[in-house]
Structures are given as C-alpha cells and as structure tokens.
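In what follows, a single structure is set out as structure tokens and then discussed.
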Amino acid sequence: MAPQGPLAGLLLQGLLQPGDVLSFQQRRAGRQATATVTAEGRLIVEGHTAPFTSPSKAAIAVTGSPINGWTLWRTADGRTLDALRNELQQN
C-alpha cells in the first residue's frame with residue numbers, strides 16, 4: 001500500500017523510511033515517547049495498539065493535550081518532522 005496522509009510526501013521522497021523511530025522529550029513535564037513510522041505513513045506509538053494518522057494525533061495520545069506533533073517528534077539525528085517538511089518543500 002502506498003503511503004497516505006501527512007507523512008506520505010516525506011516517505012515518498014526518502015526523508016523518512018518505514019521503520020524509522022521518532023522520539024520526543026518534554027523534560028519539564030517528565031514525558032518522553034517513541035513512535036515507529038509505518039510504510040503506510042502512520043505512527044505506531046510505544047504503548048498504544050492503534051497507529052496514528054498524523055504526528056499531532058500521536059503526540060496528543062502521549063501528552064493528553066493539544067500539541068503540534070510536527071515540532072515535537074524528532075528523527076534519530078535530531079531533526080523535527082517540521083524541518084523535514086520544510087526540506088521537502090524546498091526541493
């Protein structure tokens with residue numbers, strides 16, 4: 001199945017790969033989480049069974065409050081999904 005949803009462009013251009021692990025830390029709130037990117041363009045968050053269709057929905061599942069997942073989730077090299085999205089738009 002081809003990637004769909006908000007992460008599809010990042011997958012199709014090779015900026016994200018299926019199996020990539022994203023993470024975030026909110027030190028003041030004492031929260032951290034990891035999520036795995038699927039080939040379909042979804043995020044499977046550690047501790048949750050259902051995949052999430054957007055970075056923000058995945059972040060809300062962890063934080064319990066509305067939050068921008070594009071600026072929260074980071075790749076293994078420390079880049080935010082928002083930075084990857086900006087890189088995609090510049091190409």
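How things are named: the first chain in the structure tokens is A, the next is B, and so on; residues count from 1 in each chain; ligands count from 1 in the order shown.
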
All residues 12 Å or closer to A:Gly78, only C-alpha atoms, same chain fewer than 5 positions away omitted, as a VMD selection string: chain A and resid 21 to 25 71 to 73 83 to 84

Exercise: A:Glu87 partners within 12 Å, only C-alpha atoms, chain neighbours under 2 positions left out, as a ChimeraX atom specification: /A:9-10,13-16,79-85,89-91

Same residues, all heavy atoms, saved as a compact mmCIF listing (two decimals), in the first residue's frame:
# COMPACT_ATOMS: atom_id res chain seq x y z
N GLY A 9 4.44 12.37 1.78
CA GLY A 9 5.45 13.06 0.99
C GLY A 9 6.86 12.81 1.50
O GLY A 9 7.80 12.62 0.72
N LEU A 10 7.00 12.79 2.83
CA LEU A 10 8.32 12.54 3.43
C LEU A 10 8.81 11.14 3.12
O LEU A 10 9.99 10.92 2.87
CB LEU A 10 8.26 12.77 4.94
CG LEU A 10 7.89 14.18 5.40
CD1 LEU A 10 7.80 14.23 6.92
CD2 LEU A 10 8.88 15.19 4.88
N GLN A 13 9.71 10.79 -0.76
CA GLN A 13 10.96 11.45 -1.12
C GLN A 13 12.17 10.90 -0.36
O GLN A 13 13.28 11.41 -0.51
CB GLN A 13 10.84 12.96 -0.88
CG GLN A 13 9.87 13.64 -1.82
CD GLN A 13 10.27 13.47 -3.29
OE1 GLN A 13 11.43 13.69 -3.66
NE2 GLN A 13 9.33 13.04 -4.11
N GLY A 14 11.95 9.89 0.48
CA GLY A 14 13.06 9.26 1.18
C GLY A 14 13.57 10.02 2.40
O GLY A 14 14.61 9.68 2.95
N LEU A 15 12.83 11.05 2.83
CA LEU A 15 13.23 11.78 4.03
C LEU A 15 12.89 10.99 5.30
O LEU A 15 13.49 11.21 6.35
CB LEU A 15 12.58 13.17 4.06
CG LEU A 15 13.06 14.11 2.95
CD1 LEU A 15 12.19 15.35 2.87
CD2 LEU A 15 14.52 14.47 3.14
N LEU A 16 11.92 10.12 5.20
CA LEU A 16 11.59 9.15 6.25
C LEU A 16 11.56 7.77 5.60
O LEU A 16 11.22 7.65 4.42
CB LEU A 16 10.21 9.42 6.86
CG LEU A 16 10.06 10.52 7.90
CD1 LEU A 16 8.59 10.62 8.33
CD2 LEU A 16 10.95 10.29 9.10
N ARG A 79 16.47 15.97 13.93
CA ARG A 79 15.64 16.90 13.15
C ARG A 79 14.17 16.68 13.47
O ARG A 79 13.72 15.56 13.65
CB ARG A 79 15.87 16.70 11.65
CG ARG A 79 17.28 17.11 11.22
CD ARG A 79 17.48 16.92 9.74
NE ARG A 79 17.39 15.50 9.41
CZ ARG A 79 17.30 15.02 8.17
NH1 ARG A 79 17.28 15.84 7.14
NH2 ARG A 79 17.24 13.73 7.95
N THR A 80 13.42 17.78 13.49
CA THR A 80 11.97 17.68 13.71
C THR A 80 11.30 17.29 12.39
O THR A 80 11.86 17.50 11.31
CB THR A 80 11.37 19.01 14.20
OG1 THR A 80 11.53 19.99 13.17
CG2 THR A 80 12.00 19.47 15.51
N LEU A 81 10.08 16.77 12.50
CA LEU A 81 9.32 16.48 11.30
C LEU A 81 9.04 17.77 10.54
O LEU A 81 8.98 17.78 9.31
CB LEU A 81 8.01 15.77 11.65
CG LEU A 81 8.14 14.35 12.17
CD1 LEU A 81 6.78 13.79 12.56
CD2 LEU A 81 8.81 13.45 11.14
N ASP A 82 8.89 18.88 11.26
CA ASP A 82 8.67 20.16 10.62
C ASP A 82 9.87 20.55 9.76
O ASP A 82 9.72 21.05 8.64
CB ASP A 82 8.39 21.23 11.68
CG ASP A 82 7.82 22.50 11.08
OD1 ASP A 82 6.88 22.41 10.27
OD2 ASP A 82 8.32 23.59 11.43
N ALA A 83 11.08 20.29 10.25
CA ALA A 83 12.30 20.58 9.47
C ALA A 83 12.34 19.71 8.21
O ALA A 83 12.71 20.19 7.14
CB ALA A 83 13.54 20.36 10.32
N LEU A 84 11.93 18.45 8.33
CA LEU A 84 11.88 17.57 7.16
C LEU A 84 10.85 18.08 6.15
O LEU A 84 11.09 18.06 4.94
CB LEU A 84 11.55 16.14 7.56
CG LEU A 84 12.59 15.39 8.39
CD1 LEU A 84 12.08 13.99 8.71
CD2 LEU A 84 13.93 15.33 7.69
N ARG A 85 9.72 18.52 6.66
CA ARG A 85 8.65 19.04 5.79
C ARG A 85 9.15 20.29 5.05
O ARG A 85 8.89 20.44 3.86
CB ARG A 85 7.41 19.33 6.63
CG ARG A 85 6.21 19.75 5.82
CD ARG A 85 4.94 19.77 6.62
NE ARG A 85 5.04 20.60 7.81
CZ ARG A 85 4.04 20.82 8.64
NH1 ARG A 85 2.86 20.25 8.44
NH2 ARG A 85 4.19 21.58 9.69
N GLN A 89 9.63 20.88 0.95
CA GLN A 89 9.03 21.99 0.21
C GLN A 89 10.07 22.78 -0.57
O GLN A 89 9.75 23.41 -1.58
CB GLN A 89 8.27 22.93 1.16
CG GLN A 89 7.03 22.26 1.71
CD GLN A 89 6.39 23.05 2.85
OE1 GLN A 89 6.95 23.98 3.38
NE2 GLN A 89 5.18 22.65 3.22
N GLN A 90 11.33 22.73 -0.15
CA GLN A 90 12.39 23.46 -0.85
C GLN A 90 12.90 22.71 -2.06
O GLN A 90 13.54 23.28 -2.92
CB GLN A 90 13.55 23.75 0.11
CG GLN A 90 13.19 24.77 1.16
CD GLN A 90 14.28 24.95 2.20
OE1 GLN A 90 15.31 24.29 2.14
NE2 GLN A 90 14.03 25.82 3.15
N ASN A 91 12.62 21.40 -2.14
CA ASN A 91 13.09 20.60 -3.28
C ASN A 91 12.17 20.71 -4.46
O ASN A 91 11.06 20.95 -4.45
CB ASN A 91 13.24 19.13 -2.88
CG ASN A 91 14.40 18.94 -1.95
OD1 ASN A 91 15.30 19.77 -1.88
ND2 ASN A 91 14.39 17.85 -1.20

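Proximity ranking of A:Ala50, A:Trp70, A:Pro18, A:Ser65 relative to A:Asn86 places A:Trp70 first, based on only C-alpha atoms.
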
Neighbour list for A:Ala61 as an NGL selection string, cut-off 12 Å, only C-alpha atoms, skip fewer than 2 positions in-chain: :A and (31-35 or 43-59 or 63-69)

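Taking only C-alpha atoms into account, A:Ala29 lies nearest to A:Val62 out of the set A:Val62, A:Gln17, A:Asp77, A:Leu12.
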
Pick from A:Leu88, A:Gly5, A:Ala76, A:Ile60, whichever lies nearest to A:Thr38 using only C-alpha atoms: A:Gly5

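One finds atom CA of A:Arg74 at 16.8 Å from atom CA of A:Gly30.
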
DSSP-assigned alpha helix (DSSP H) among chain A, expressed as a PyMOL selection string: chain A and resi 8-12+55-63+69-72+81-90
